[in-house]
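J.: Got a structure here, written out as structure tokens. Questions coming.
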Amino acid sequence: MSDAPRSHEAARVRIAQLVPELNEHARLYYVEDAPRIPDVEYDRLFRELEELEAAWPDLRRLDSPTWRVGGPPLPAFTPFRHPTPMLSLQNTYAEAEVVEFEARVKRFLGAAPGEGLEYVVEPKLDGLAVELVYRDGVLESAGTRGDGEVGEDVTSNVRTIRNVPLALAPGDGPAPSVAAIRGEIVLPRDGFARLNERRVAEGLPAFVNPRNAAAGTIRQLDPRIAASRPLEFYAHSAGLLEGASFGRQSEFLGMVLRWGFRVPAGWTLARGVGEVLEALRALEARRDALPYEIDGAVIKVDRLSLQADLGFVSRSPRWAVAFKYPPGQVTTRVRDIAVQVGRTGALTPVAVLEPVAVGGVTVSRATLHNEQELRRKDVRVGDRVTIQRAGDVIPEVVAVVPEEGREARPQFEFPNRCPVCGAPAEREPGEVAIRCTNGLSCPAQLRTALRHFASRRALDIEGLGEKLAEQLVERGVVRGVADLYALDPQTLASLERMADLSAGNLMAQIERSRGAPLHRVLVALGIRHVGEATAKVLASRFGDMDRLVAASLEELEAVPDVGPVVARSIYSFFHHPENLATLALLRDRGVKMEGESKQAPPAATLAGLTFVITGTLGGMSREQVKEAIEARGGKVTGSVSRKTDYVVVGSDPGSKADRARELAVPVLDEAGLARVLAEGPEVSRGG
Ligand code: IVH
């Protein structure tokens, strides 16, 4: 029991000693990981302060650590207006885009090409963005980002976060009159795991990821909830500052560290784009070793004066960019398990999910691969599962998240009939997949066969998408792939969502595909084990379809890269009456199926030039335009910038055409494109 001061004044004096002392110890403990006094000593001082405040409530200072335990629940959050707007960052997903960013910065600043500007590379914390406002060095209020102008006032919750300074640690000079510090609230991995364990034990739903847990906690009206969870705050940028200044981002990080904040661990100063890329790679390598989740890195021009010169475009700064890592794993819940039928009749189980964002894309389905995998992972409807999506790969279910009570859910029963046509589904000996036995008489198989036939690497018939393939099959217009070559414009135009114009375009695309080289036809036929590479080898070895059809097993096996399994697959494909009938029909309907004549590659007339293609081109598919440009040494990119040399505009162009006009980038129509392909770039762009 401490001997409590008997006068108001004595209490005030004692509180004025205790508060900074306790705050300093909290900083040493939570920010520096270097406590100087034992926990019991801290607790004793803390209790003394609590008792004084209980006796003289008017003496409870705003920076008192007793706020950390969380006050009474709020009736509602009040709006929080940011002193200056909180903006966001442009995202990049590839190193090439970072190189472009750096080049853009230098171009804007008029820097010499070889000049290496300095950048700070920081981890991009995957948390909840907030702004903390300190007046005369004391935390006055804190707000969520909201729409960037107005968020929610979450001061009571933020005060409970142990590593948030309630008062700025005294630096060299007086405390700034206003300091708005921005950063992220995160829940470190270990704290997240403990929190979820506790929740599951209590029969509560687990949080999906640390970010959601942090956000969910800050949005609670009862601050005691936040106080009970191990949230942390990391400062990364400045809002309004009065009475303090810095000349570089790297100085800012040092300054806030002295004020008692934590900053994202592992930030580096990099000179020039080479060092920036190195820093990005180093950070990614360390990613899993960090105590909290990061979803990328932020690259910032170090010098504030240069930041000011660069300014902003719409709602993001020109002086910084986010580099997003390929998405990792997220968890979500399985609403249902569907079974799809693919081109080869394979039955593929697919988890239908509660939609979840993975790397900027919302995912609502993920593959379970096959019946064996489904059984091995034992995924059941209602389960929480981890899913991943790496690059362009289809999202897949990785594993079930263990949960109380999941055993009670029924196991999934795999169908023994095709869910589309009802034919028996069987597994051939030595195979993993269970397949529908109905061949192209199964609408699902025909539909996917059509899609495959028209796909880019096959006959590249632009406009023949999922929906159209479905209609063609459903209406009975197409009963086999060769029926595509018997379509007439009237029938096409009568289909849903098919305007005359697009029917015309589609007819032109189909017409063009009649002349496709042999290897593309081989890919299109969907012979098992025959992808683009094998198709090319076969085409160059046999020269035309007839010779390939007539090839013996031995001849096929003699082809480089064709093993016995592949040879057998090709051989049996060409000995199946139905397939031979398809080939005969294709030929009757004008599909040539000839090898490519060996032409010399075109000269590199477009070397160093960058093209963007937008809209629909009647005569050539986009893929063909791209190939033609690339064959001549040019590059095709997805977005128009000042660096773009030409924008190729077809009919129904997108916003890229507007952007081209805005930036005064030359525009090519189909005729212009043909000219540039034949004769090289037009002379002198002027300016
Ligand atoms: S600087 C003008 N630095 O990412 C915006 N932001 O996608 C300056 N974030 O709104 C932000 N880590 O909430 C910055 N080291 C970091 C960051 C970071 C995470 C968040 C921040 C921002 C969002 C942009």
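The way I read the labels, and the way they are meant: chains A, B, ... in the order of the structure tokens, residue 1 as the first residue of every chain, and ligand 1 as the first ligand shown, with later ones counted on from there.
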Please identify all polymer residues within 6 Å of Glu184 (chain A), counting only C-alpha atoms, omitting same-chain residues fewer than 3 positions from it, and present them as a PDB file with all heavy atoms, in the first residue's frame.
T.:
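Here's the written file around.pdb:
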ATOM      1  N   GLY A 127      -2.008  -4.103 -42.860  1.00  0.00           N
ATOM      2  CA  GLY A 127      -2.768  -3.814 -41.654  1.00  0.00           C
ATOM      3  C   GLY A 127      -3.886  -2.828 -41.920  1.00  0.00           C
ATOM      4  O   GLY A 127      -4.433  -2.766 -43.019  1.00  0.00           O
ATOM      5  N   LEU A 128      -4.199  -2.066 -40.901  1.00  0.00           N
ATOM      6  CA  LEU A 128      -5.274  -1.094 -40.982  1.00  0.00           C
ATOM      7  C   LEU A 128      -4.626   0.291 -40.897  1.00  0.00           C
ATOM      8  O   LEU A 128      -3.918   0.591 -39.930  1.00  0.00           O
ATOM      9  CB  LEU A 128      -6.202  -1.314 -39.787  1.00  0.00           C
ATOM     10  CG  LEU A 128      -7.393  -0.392 -39.688  1.00  0.00           C
ATOM     11  CD1 LEU A 128      -8.429  -0.770 -40.731  1.00  0.00           C
ATOM     12  CD2 LEU A 128      -7.998  -0.470 -38.297  1.00  0.00           C
ATOM     13  N   ALA A 129      -4.874   1.128 -41.910  1.00  0.00           N
ATOM     14  CA  ALA A 129      -4.238   2.444 -41.936  1.00  0.00           C
ATOM     15  C   ALA A 129      -4.938   3.388 -40.958  1.00  0.00           C
ATOM     16  O   ALA A 129      -6.161   3.473 -40.938  1.00  0.00           O
ATOM     17  CB  ALA A 129      -4.297   3.015 -43.348  1.00  0.00           C
ATOM     18  N   PHE A 233       1.379  -0.835 -33.594  1.00  0.00           N
ATOM     19  CA  PHE A 233       1.304   0.251 -34.571  1.00  0.00           C
ATOM     20  C   PHE A 233       2.691   0.520 -35.140  1.00  0.00           C
ATOM     21  O   PHE A 233       3.671   0.544 -34.398  1.00  0.00           O
ATOM     22  CB  PHE A 233       0.765   1.522 -33.906  1.00  0.00           C
ATOM     23  CG  PHE A 233       0.805   2.731 -34.804  1.00  0.00           C
ATOM     24  CD1 PHE A 233      -0.178   2.933 -35.769  1.00  0.00           C
ATOM     25  CD2 PHE A 233       1.836   3.666 -34.698  1.00  0.00           C
ATOM     26  CE1 PHE A 233      -0.136   4.043 -36.612  1.00  0.00           C
ATOM     27  CE2 PHE A 233       1.872   4.782 -35.532  1.00  0.00           C
ATOM     28  CZ  PHE A 233       0.886   4.964 -36.491  1.00  0.00           C
ATOM     29  N   TYR A 234       2.768   0.701 -36.457  1.00  0.00           N
ATOM     30  CA  TYR A 234       4.034   1.035 -37.113  1.00  0.00           C
ATOM     31  C   TYR A 234       3.857   2.317 -37.917  1.00  0.00           C
ATOM     32  O   TYR A 234       2.954   2.406 -38.750  1.00  0.00           O
ATOM     33  CB  TYR A 234       4.489  -0.113 -38.021  1.00  0.00           C
ATOM     34  CG  TYR A 234       4.916  -1.302 -37.191  1.00  0.00           C
ATOM     35  CD1 TYR A 234       3.978  -2.220 -36.719  1.00  0.00           C
ATOM     36  CD2 TYR A 234       6.242  -1.465 -36.832  1.00  0.00           C
ATOM     37  CE1 TYR A 234       4.360  -3.281 -35.918  1.00  0.00           C
ATOM     38  CE2 TYR A 234       6.645  -2.521 -36.028  1.00  0.00           C
ATOM     39  CZ  TYR A 234       5.697  -3.417 -35.571  1.00  0.00           C
ATOM     40  OH  TYR A 234       6.084  -4.447 -34.764  1.00  0.00           O
TER      41      TYR A 234
END
J.: Neighbours of Arg435 (chain A) within 7 Å (only C-alpha atoms; same-chain residues fewer than 4 positions away dropped), as a ChimeraX atom specification?
T.: /A:345-347,425-427
J.: Can you tell me which residues sit at most 9 Å away from ligand 1, counting only C-alpha atoms and all ligand atoms, written as number ranges by chain?
T.: A: 86-91, 121-130, 145, 148, 182-184, 234-238, 263-264, 267, 294-300, 312, 315-317, 319-322
J.: Between A:Leu668, A:Leu195, A:Val565, A:Leu139, which one has atoms that come closest to Ala175 (chain A), using only C-alpha atoms?
T.: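 Of A:Leu668, A:Leu195, A:Val565, A:Leu139, the one nearest Ala175 (chain A), counting only C-alpha atoms, is A:Leu139.
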J.: Just list the residues in region 165-303 of chain A DSSP gives strand (DSSP E or B) on the backbone, as a PDB file with N, CA, C and O atoms, in the first residue's frame.
T.:
ATOM      1  N   ALA A 167       2.400  10.011 -25.337  1.00  0.00           N
ATOM      2  CA  ALA A 167       3.043  11.319 -25.480  1.00  0.00           C
ATOM      3  C   ALA A 167       4.343  11.079 -26.234  1.00  0.00           C
ATOM      4  O   ALA A 167       4.983  10.045 -26.042  1.00  0.00           O
ATOM      5  N   VAL A 178       1.751  20.428 -33.653  1.00  0.00           N
ATOM      6  CA  VAL A 178       0.891  19.390 -34.238  1.00  0.00           C
ATOM      7  C   VAL A 178       1.766  18.364 -34.956  1.00  0.00           C
ATOM      8  O   VAL A 178       2.661  18.741 -35.712  1.00  0.00           O
ATOM      9  N   ALA A 179       1.504  17.121 -34.706  1.00  0.00           N
ATOM     10  CA  ALA A 179       2.172  16.070 -35.477  1.00  0.00           C
ATOM     11  C   ALA A 179       1.139  14.997 -35.792  1.00  0.00           C
ATOM     12  O   ALA A 179       0.609  14.358 -34.891  1.00  0.00           O
ATOM     13  N   ALA A 180       0.827  14.856 -37.073  1.00  0.00           N
ATOM     14  CA  ALA A 180      -0.096  13.797 -37.499  1.00  0.00           C
ATOM     15  C   ALA A 180       0.758  12.665 -38.068  1.00  0.00           C
ATOM     16  O   ALA A 180       1.438  12.843 -39.069  1.00  0.00           O
ATOM     17  N   ILE A 181       0.739  11.548 -37.377  1.00  0.00           N
ATOM     18  CA  ILE A 181       1.591  10.422 -37.764  1.00  0.00           C
ATOM     19  C   ILE A 181       0.722   9.313 -38.335  1.00  0.00           C
ATOM     20  O   ILE A 181      -0.252   8.898 -37.709  1.00  0.00           O
ATOM     21  N   ARG A 182       1.081   8.866 -39.529  1.00  0.00           N
ATOM     22  CA  ARG A 182       0.302   7.813 -40.190  1.00  0.00           C
ATOM     23  C   ARG A 182       1.040   6.487 -40.159  1.00  0.00           C
ATOM     24  O   ARG A 182       2.263   6.456 -40.178  1.00  0.00           O
ATOM     25  N   GLY A 183       0.285   5.458 -40.097  1.00  0.00           N
ATOM     26  CA  GLY A 183       0.916   4.143 -40.085  1.00  0.00           C
ATOM     27  C   GLY A 183      -0.133   3.056 -40.107  1.00  0.00           C
ATOM     28  O   GLY A 183      -1.311   3.307 -40.381  1.00  0.00           O
ATOM     29  N   GLU A 184       0.302   1.852 -39.828  1.00  0.00           N
ATOM     30  CA  GLU A 184      -0.582   0.690 -39.883  1.00  0.00           C
ATOM     31  C   GLU A 184      -0.713   0.054 -38.513  1.00  0.00           C
ATOM     32  O   GLU A 184       0.276  -0.078 -37.785  1.00  0.00           O
ATOM     33  N   ILE A 185      -1.933  -0.368 -38.219  1.00  0.00           N
ATOM     34  CA  ILE A 185      -2.151  -1.197 -37.038  1.00  0.00           C
ATOM     35  C   ILE A 185      -2.145  -2.642 -37.508  1.00  0.00           C
ATOM     36  O   ILE A 185      -2.861  -2.993 -38.454  1.00  0.00           O
ATOM     37  N   VAL A 186      -1.303  -3.455 -36.896  1.00  0.00           N
ATOM     38  CA  VAL A 186      -1.241  -4.869 -37.291  1.00  0.00           C
ATOM     39  C   VAL A 186      -1.377  -5.756 -36.063  1.00  0.00           C
ATOM     40  O   VAL A 186      -1.193  -5.310 -34.929  1.00  0.00           O
ATOM     41  N   GLU A 232      -0.331  -3.848 -32.658  1.00  0.00           N
ATOM     42  CA  GLU A 232       0.858  -3.001 -32.702  1.00  0.00           C
ATOM     43  C   GLU A 232       0.673  -1.940 -33.775  1.00  0.00           C
ATOM     44  O   GLU A 232      -0.069  -2.139 -34.734  1.00  0.00           O
ATOM     45  N   PHE A 233       1.379  -0.835 -33.594  1.00  0.00           N
ATOM     46  CA  PHE A 233       1.304   0.251 -34.571  1.00  0.00           C
ATOM     47  C   PHE A 233       2.691   0.520 -35.140  1.00  0.00           C
ATOM     48  O   PHE A 233       3.671   0.544 -34.398  1.00  0.00           O
ATOM     49  N   TYR A 234       2.768   0.701 -36.457  1.00  0.00           N
ATOM     50  CA  TYR A 234       4.034   1.035 -37.113  1.00  0.00           C
ATOM     51  C   TYR A 234       3.857   2.317 -37.917  1.00  0.00           C
ATOM     52  O   TYR A 234       2.954   2.406 -38.750  1.00  0.00           O
ATOM     53  N   ALA A 235       4.703   3.305 -37.643  1.00  0.00           N
ATOM     54  CA  ALA A 235       4.590   4.601 -38.315  1.00  0.00           C
ATOM     55  C   ALA A 235       5.312   4.543 -39.654  1.00  0.00           C
ATOM     56  O   ALA A 235       6.401   3.984 -39.748  1.00  0.00           O
ATOM     57  N   HIS A 236       4.687   5.104 -40.710  1.00  0.00           N
ATOM     58  CA  HIS A 236       5.385   5.116 -41.994  1.00  0.00           C
ATOM     59  C   HIS A 236       5.312   6.423 -42.759  1.00  0.00           C
ATOM     60  O   HIS A 236       6.004   6.601 -43.739  1.00  0.00           O
ATOM     61  N   SER A 237       4.463   7.349 -42.335  1.00  0.00           N
ATOM     62  CA  SER A 237       4.474   8.611 -43.067  1.00  0.00           C
ATOM     63  C   SER A 237       3.873   9.732 -42.236  1.00  0.00           C
ATOM     64  O   SER A 237       3.246   9.484 -41.207  1.00  0.00           O
ATOM     65  N   ALA A 238       4.072  10.936 -42.702  1.00  0.00           N
ATOM     66  CA  ALA A 238       3.637  12.108 -41.952  1.00  0.00           C
ATOM     67  C   ALA A 238       2.426  12.727 -42.599  1.00  0.00           C
ATOM     68  O   ALA A 238       2.319  12.787 -43.824  1.00  0.00           O
ATOM     69  N   GLY A 239       1.494  13.175 -41.773  1.00  0.00           N
ATOM     70  CA  GLY A 239       0.430  14.037 -42.245  1.00  0.00           C
ATOM     71  C   GLY A 239       0.865  15.460 -41.915  1.00  0.00           C
ATOM     72  O   GLY A 239       2.029  15.827 -42.123  1.00  0.00           O
ATOM     73  N   LEU A 240      -0.059  16.239 -41.355  1.00  0.00           N
ATOM     74  CA  LEU A 240       0.270  17.614 -40.995  1.00  0.00           C
ATOM     75  C   LEU A 240       1.332  17.660 -39.894  1.00  0.00           C
ATOM     76  O   LEU A 240       1.247  16.939 -38.904  1.00  0.00           O
ATOM     77  N   LEU A 241       2.359  18.474 -40.108  1.00  0.00           N
ATOM     78  CA  LEU A 241       3.400  18.664 -39.086  1.00  0.00           C
ATOM     79  C   LEU A 241       3.565  20.156 -38.864  1.00  0.00           C
ATOM     80  O   LEU A 241       3.761  20.910 -39.815  1.00  0.00           O
ATOM     81  N   GLU A 242       3.481  20.589 -37.598  1.00  0.00           N
ATOM     82  CA  GLU A 242       3.775  21.994 -37.286  1.00  0.00           C
ATOM     83  C   GLU A 242       4.748  22.005 -36.133  1.00  0.00           C
ATOM     84  O   GLU A 242       4.495  21.391 -35.098  1.00  0.00           O
ATOM     85  N   ARG A 248      14.139  14.374 -45.457  1.00  0.00           N
ATOM     86  CA  ARG A 248      14.122  13.110 -46.203  1.00  0.00           C
ATOM     87  C   ARG A 248      13.231  12.113 -45.480  1.00  0.00           C
ATOM     88  O   ARG A 248      13.126  12.164 -44.256  1.00  0.00           O
ATOM     89  N   ARG A 262       7.458   2.745 -33.340  1.00  0.00           N
ATOM     90  CA  ARG A 262       8.164   1.741 -34.123  1.00  0.00           C
ATOM     91  C   ARG A 262       7.952   2.066 -35.586  1.00  0.00           C
ATOM     92  O   ARG A 262       6.920   2.609 -35.966  1.00  0.00           O
ATOM     93  N   THR A 268      15.205   0.106 -46.151  1.00  0.00           N
ATOM     94  CA  THR A 268      16.565   0.400 -46.601  1.00  0.00           C
ATOM     95  C   THR A 268      16.586   1.635 -47.473  1.00  0.00           C
ATOM     96  O   THR A 268      15.578   2.015 -48.069  1.00  0.00           O
ATOM     97  N   LEU A 269      17.757   2.224 -47.550  1.00  0.00           N
ATOM     98  CA  LEU A 269      17.975   3.350 -48.439  1.00  0.00           C
ATOM     99  C   LEU A 269      18.663   2.782 -49.674  1.00  0.00           C
ATOM    100  O   LEU A 269      19.659   2.062 -49.556  1.00  0.00           O
ATOM    101  N   ALA A 270      18.114   3.071 -50.846  1.00  0.00           N
ATOM    102  CA  ALA A 270      18.682   2.503 -52.071  1.00  0.00           C
ATOM    103  C   ALA A 270      19.014   3.633 -53.029  1.00  0.00           C
ATOM    104  O   ALA A 270      18.245   4.586 -53.159  1.00  0.00           O
ATOM    105  N   ARG A 271      20.151   3.527 -53.697  1.00  0.00           N
ATOM    106  CA  ARG A 271      20.506   4.538 -54.701  1.00  0.00           C
ATOM    107  C   ARG A 271      20.355   3.917 -56.083  1.00  0.00           C
ATOM    108  O   ARG A 271      20.976   2.904 -56.376  1.00  0.00           O
ATOM    109  N   ILE A 294       3.374  -8.865 -44.422  1.00  0.00           N
ATOM    110  CA  ILE A 294       3.496  -7.741 -45.344  1.00  0.00           C
ATOM    111  C   ILE A 294       2.990  -8.213 -46.697  1.00  0.00           C
ATOM    112  O   ILE A 294       3.069  -9.399 -47.011  1.00  0.00           O
ATOM    113  N   ASP A 295       2.419  -7.272 -47.455  1.00  0.00           N
ATOM    114  CA  ASP A 295       1.895  -7.700 -48.751  1.00  0.00           C
ATOM    115  C   ASP A 295       2.691  -7.088 -49.896  1.00  0.00           C
ATOM    116  O   ASP A 295       2.285  -7.154 -51.043  1.00  0.00           O
ATOM    117  N   GLY A 296       3.822  -6.499 -49.540  1.00  0.00           N
ATOM    118  CA  GLY A 296       4.647  -5.924 -50.590  1.00  0.00           C
ATOM    119  C   GLY A 296       5.648  -4.964 -49.991  1.00  0.00           C
ATOM    120  O   GLY A 296       5.991  -5.068 -48.807  1.00  0.00           O
ATOM    121  N   ALA A 297       6.092  -4.047 -50.830  1.00  0.00           N
ATOM    122  CA  ALA A 297       7.031  -3.038 -50.367  1.00  0.00           C
ATOM    123  C   ALA A 297       6.552  -1.692 -50.889  1.00  0.00           C
ATOM    124  O   ALA A 297       5.770  -1.626 -51.836  1.00  0.00           O
ATOM    125  N   VAL A 298       6.990  -0.622 -50.220  1.00  0.00           N
ATOM    126  CA  VAL A 298       6.684   0.716 -50.713  1.00  0.00           C
ATOM    127  C   VAL A 298       8.003   1.389 -51.056  1.00  0.00           C
ATOM    128  O   VAL A 298       8.939   1.348 -50.267  1.00  0.00           O
ATOM    129  N   ILE A 299       8.063   1.961 -52.248  1.00  0.00           N
ATOM    130  CA  ILE A 299       9.277   2.634 -52.690  1.00  0.00           C
ATOM    131  C   ILE A 299       8.983   4.125 -52.694  1.00  0.00           C
ATOM    132  O   ILE A 299       8.025   4.563 -53.326  1.00  0.00           O
ATOM    133  N   LYS A 300       9.787   4.887 -51.958  1.00  0.00           N
ATOM    134  CA  LYS A 300       9.525   6.321 -51.842  1.00  0.00           C
ATOM    135  C   LYS A 300      10.771   7.106 -52.211  1.00  0.00           C
ATOM    136  O   LYS A 300      11.872   6.747 -51.784  1.00  0.00           O
ATOM    137  N   VAL A 301      10.606   8.171 -52.987  1.00  0.00           N
ATOM    138  CA  VAL A 301      11.722   9.077 -53.242  1.00  0.00           C
ATOM    139  C   VAL A 301      12.137   9.640 -51.885  1.00  0.00           C
ATOM    140  O   VAL A 301      11.298  10.114 -51.124  1.00  0.00           O
ATOM    141  N   ARG A 303      14.166  12.249 -50.851  1.00  0.00           N
ATOM    142  CA  ARG A 303      14.208  13.692 -50.583  1.00  0.00           C
ATOM    143  C   ARG A 303      12.836  14.348 -50.670  1.00  0.00           C
ATOM    144  O   ARG A 303      12.144  14.236 -51.693  1.00  0.00           O
TER     145      ARG A 303
END
J.: Name the closest residue to Glu115 (chain A) among the candidates A:Gly311, A:Glu102, A:Leu606, A:Glu462; distances are taken between atoms, counting only C-alpha atoms.
T.: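 With only C-alpha atoms as the atom set, the closest residue is A:Glu102.
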J.: Give me the region 586-681 of chain A side of the contact with region 508-530 of chain A, cut-off 8 Å, one line per residue showing its nearest atom pair and distance in Å at one decimal, counting only C-alpha atoms, sorted by chain and residue number, as JSON lines.
T.:
{"residue": "A:Gly590", "atom": "CA", "partner": "A:Arg514", "partner_atom": "CA", "distance": 6.1}
{"residue": "A:Val591", "atom": "CA", "partner": "A:Arg514", "partner_atom": "CA", "distance": 4.2}
{"residue": "A:Lys592", "atom": "CA", "partner": "A:Gly515", "partner_atom": "CA", "distance": 5.5}
{"residue": "A:Met593", "atom": "CA", "partner": "A:Leu518", "partner_atom": "CA", "distance": 4.5}
{"residue": "A:Glu594", "atom": "CA", "partner": "A:Leu518", "partner_atom": "CA", "distance": 4.8}
{"residue": "A:Gly595", "atom": "CA", "partner": "A:Leu518", "partner_atom": "CA", "distance": 4.9}
{"residue": "A:Glu596", "atom": "CA", "partner": "A:Pro517", "partner_atom": "CA", "distance": 5.6}
{"residue": "A:Gly618", "atom": "CA", "partner": "A:Ala508", "partner_atom": "CA", "distance": 6.7}
{"residue": "A:Gly619", "atom": "CA", "partner": "A:Ala508", "partner_atom": "CA", "distance": 6.8}
{"residue": "A:Met620", "atom": "CA", "partner": "A:Gln509", "partner_atom": "CA", "distance": 7.6}
{"residue": "A:Ser621", "atom": "CA", "partner": "A:Gln509", "partner_atom": "CA", "distance": 7.5}
J.: Pick from A:Ile461, A:Leu556, A:Leu609, A:Leu677: nearest to Thr644 (chain A), with only C-alpha atoms counted?
T.: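 With only C-alpha atoms as the atom set, the closest residue is A:Leu609.
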